[in-house]
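S.K.: Just dropping this structure here.
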Amino acid sequence: MAQALRPNTVGGLFATDGKPHPLQDTLLAVTLVLGVTAFVTGFFDSLHLLSSWTGLVGVLTGAYGQWISVTTRERFGLILGLGASAVGFFLGMAHGGLFGGVIG
């Protein structure tokens, strides 16, 4: 019964090392916000500039965040943000692209 008294800290999805990671947490939050923005605006044809640029920046931010991430919690959130950013980016590119209608 000794195992019932000790909490299981190994193998959790949101396991952390107990140390602060301000840069990684900031990149996680920025990637998630950019991903949601790109994903939502990607469904509107007239917002292709916003969706394509926020998607591109979200993918780049998320890729750098993945590179320097430390914990599983950070990587999990970054993958969600990266996926949403990529979908928003591709939808924005399909609706007019990064410079569609501006350069002409």
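Letters for chains follow the order of the structure tokens (A, B, ...), residue numbers begin at 1 for each chain, and ligand numbers begin at 1 in the order shown.
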Using only C-alpha atoms, determine which residues lie at most 6 Å from segment 29-46 of chain A, disregarding the query and same-chain residues fewer than 5 positions distant; provide the list as a ChimeraX atom specification.
M.R.: /A:51,54-55,58,62,81,84-85,88,91-92,95
S.K.: Any chance you could export the current selection's C-alpha atoms as a compact mmCIF listing (two decimals), in the first residue's frame?
M.R.:
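Done, and the output landed in selection22.txt:
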# COMPACT_ATOMS: atom_id res chain seq x y z
CA SER A 51 -5.43 34.74 -41.86
CA THR A 54 -1.17 35.35 -38.70
CA GLY A 55 -0.93 31.75 -39.85
CA GLY A 58 2.04 31.39 -35.90
CA GLY A 62 5.37 27.55 -32.97
CA GLY A 81 -1.35 26.19 -32.10
CA ALA A 84 -4.50 25.82 -36.24
CA SER A 85 -1.97 28.28 -37.66
CA GLY A 88 -5.52 29.21 -41.24
CA LEU A 91 -7.04 28.79 -46.12
CA GLY A 92 -5.74 32.35 -46.35
CA HIS A 95 -8.49 32.82 -50.66
S.K.: Using DSSP assignments from the backbone, pull out every residue in segment 43-93 of chain A that falls under alpha helix (DSSP H) and give it to me as a PyMOL selection string.
M.R.: chain A and resi 48-68+72-93
S.K.: Restricting the output to N, CA and C atoms, write the selected residues as a tab-separated table (two decimals), in the first residue's frame.
M.R.:
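Result written to result-v4.tsv:
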chain	number	residue	atom	x	y	z
A	48	HIS	N	-8.42	37.23	-45.97
A	48	HIS	CA	-7.30	36.36	-46.33
A	48	HIS	C	-5.95	36.95	-45.95
A	49	LEU	N	-5.82	38.27	-45.96
A	49	LEU	CA	-4.54	38.87	-45.54
A	49	LEU	C	-4.27	38.59	-44.06
A	50	LEU	N	-5.27	38.78	-43.23
A	50	LEU	CA	-5.11	38.53	-41.80
A	50	LEU	C	-4.84	37.06	-41.52
A	51	SER	N	-5.60	36.17	-42.14
A	51	SER	CA	-5.43	34.74	-41.86
A	51	SER	C	-4.10	34.22	-42.37
A	52	SER	N	-3.68	34.65	-43.55
A	52	SER	CA	-2.42	34.14	-44.08
A	52	SER	C	-1.21	34.66	-43.30
A	53	TRP	N	-1.22	35.94	-42.92
A	53	TRP	CA	-0.09	36.47	-42.17
A	53	TRP	C	-0.04	35.95	-40.74
A	54	THR	N	-1.18	35.89	-40.07
A	54	THR	CA	-1.17	35.35	-38.70
A	54	THR	C	-0.84	33.86	-38.71
A	55	GLY	N	-1.28	33.16	-39.74
A	55	GLY	CA	-0.93	31.75	-39.85
A	55	GLY	C	0.56	31.55	-40.07
A	56	LEU	N	1.15	32.37	-40.92
A	56	LEU	CA	2.58	32.25	-41.18
A	56	LEU	C	3.40	32.57	-39.94
A	57	VAL	N	3.06	33.65	-39.27
A	57	VAL	CA	3.78	34.02	-38.05
A	57	VAL	C	3.55	32.97	-36.96
A	58	GLY	N	2.33	32.43	-36.88
A	58	GLY	CA	2.04	31.39	-35.90
A	58	GLY	C	2.84	30.12	-36.14
A	59	VAL	N	3.01	29.74	-37.40
A	59	VAL	CA	3.80	28.56	-37.72
A	59	VAL	C	5.27	28.79	-37.35
A	60	LEU	N	5.79	29.96	-37.67
A	60	LEU	CA	7.19	30.25	-37.34
A	60	LEU	C	7.42	30.33	-35.83
A	61	THR	N	6.49	30.98	-35.13
A	61	THR	CA	6.59	31.07	-33.67
A	61	THR	C	6.47	29.69	-33.03
A	62	GLY	N	5.54	28.89	-33.52
A	62	GLY	CA	5.37	27.55	-32.97
A	62	GLY	C	6.55	26.65	-33.25
A	63	ALA	N	7.16	26.79	-34.43
A	63	ALA	CA	8.33	25.98	-34.75
A	63	ALA	C	9.50	26.32	-33.83
A	64	TYR	N	9.71	27.61	-33.59
A	64	TYR	CA	10.77	27.99	-32.66
A	64	TYR	C	10.45	27.52	-31.24
A	65	GLY	N	9.18	27.62	-30.86
A	65	GLY	CA	8.78	27.14	-29.54
A	65	GLY	C	9.01	25.65	-29.38
A	66	GLN	N	8.74	24.88	-30.43
A	66	GLN	CA	9.00	23.44	-30.39
A	66	GLN	C	10.49	23.17	-30.22
A	67	TRP	N	11.29	23.98	-30.86
A	67	TRP	CA	12.73	23.77	-30.83
A	67	TRP	C	13.29	23.97	-29.42
A	68	ILE	N	12.74	24.96	-28.67
A	68	ILE	CA	13.28	25.24	-27.35
A	68	ILE	C	12.39	24.75	-26.21
A	72	THR	N	6.32	18.46	-21.76
A	72	THR	CA	5.27	17.91	-22.61
A	72	THR	C	4.09	18.87	-22.72
A	73	ARG	N	3.78	19.57	-21.64
A	73	ARG	CA	2.69	20.55	-21.65
A	73	ARG	C	2.94	21.61	-22.71
A	74	GLU	N	4.16	22.11	-22.79
A	74	GLU	CA	4.49	23.12	-23.79
A	74	GLU	C	4.36	22.55	-25.20
A	75	ARG	N	4.88	21.37	-25.41
A	75	ARG	CA	4.84	20.76	-26.74
A	75	ARG	C	3.41	20.47	-27.19
A	76	PHE	N	2.57	20.04	-26.26
A	76	PHE	CA	1.18	19.74	-26.58
A	76	PHE	C	0.45	20.99	-27.05
A	77	GLY	N	0.57	22.07	-26.30
A	77	GLY	CA	-0.07	23.32	-26.69
A	77	GLY	C	0.49	23.89	-27.98
A	78	LEU	N	1.79	23.76	-28.16
A	78	LEU	CA	2.41	24.27	-29.38
A	78	LEU	C	1.93	23.51	-30.61
A	79	ILE	N	1.73	22.22	-30.49
A	79	ILE	CA	1.22	21.44	-31.62
A	79	ILE	C	-0.19	21.87	-31.98
A	80	LEU	N	-1.02	22.14	-30.98
A	80	LEU	CA	-2.38	22.63	-31.25
A	80	LEU	C	-2.32	23.98	-31.97
A	81	GLY	N	-1.49	24.88	-31.47
A	81	GLY	CA	-1.35	26.19	-32.10
A	81	GLY	C	-0.75	26.11	-33.50
A	82	LEU	N	0.22	25.23	-33.67
A	82	LEU	CA	0.83	25.04	-34.99
A	82	LEU	C	-0.19	24.51	-36.00
A	83	GLY	N	-0.98	23.55	-35.59
A	83	GLY	CA	-1.99	23.00	-36.48
A	83	GLY	C	-3.03	24.02	-36.89
A	84	ALA	N	-3.52	24.79	-35.93
A	84	ALA	CA	-4.50	25.82	-36.24
A	84	ALA	C	-3.89	26.91	-37.11
A	85	SER	N	-2.64	27.27	-36.85
A	85	SER	CA	-1.97	28.28	-37.66
A	85	SER	C	-1.79	27.80	-39.09
A	86	ALA	N	-1.41	26.55	-39.25
A	86	ALA	CA	-1.19	26.00	-40.59
A	86	ALA	C	-2.50	25.95	-41.38
A	87	VAL	N	-3.58	25.52	-40.75
A	87	VAL	CA	-4.87	25.47	-41.44
A	87	VAL	C	-5.30	26.88	-41.83
A	88	GLY	N	-5.17	27.83	-40.92
A	88	GLY	CA	-5.52	29.21	-41.24
A	88	GLY	C	-4.64	29.79	-42.33
A	89	PHE	N	-3.36	29.46	-42.29
A	89	PHE	CA	-2.44	29.92	-43.33
A	89	PHE	C	-2.83	29.37	-44.70
A	90	PHE	N	-3.11	28.10	-44.77
A	90	PHE	CA	-3.47	27.48	-46.06
A	90	PHE	C	-4.81	28.01	-46.57
A	91	LEU	N	-5.77	28.21	-45.68
A	91	LEU	CA	-7.04	28.79	-46.12
A	91	LEU	C	-6.85	30.22	-46.60
A	92	GLY	N	-6.03	30.99	-45.91
A	92	GLY	CA	-5.74	32.35	-46.35
A	92	GLY	C	-5.04	32.38	-47.69
A	93	MET	N	-4.14	31.44	-47.91
A	93	MET	CA	-3.45	31.36	-49.20
A	93	MET	C	-4.42	30.96	-50.31
S.K.: Rounded to one decimal in Å, what is the spacing between atom CA of Phe99 of chain A and atom CA of Leu27 of chain A?
M.R.: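 Atom-to-atom, atom CA of Phe99 of chain A to atom CA of Leu27 of chain A, that is 26.0 Å.
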S.K.: Between atom CA of Ser69 of chain A and atom CA of Pro20 of chain A, what is the spacing in Å?
M.R.: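 Computed distance, atom CA of Pro20 of chain A to atom CA of Ser69 of chain A, equals 11.9 Å.
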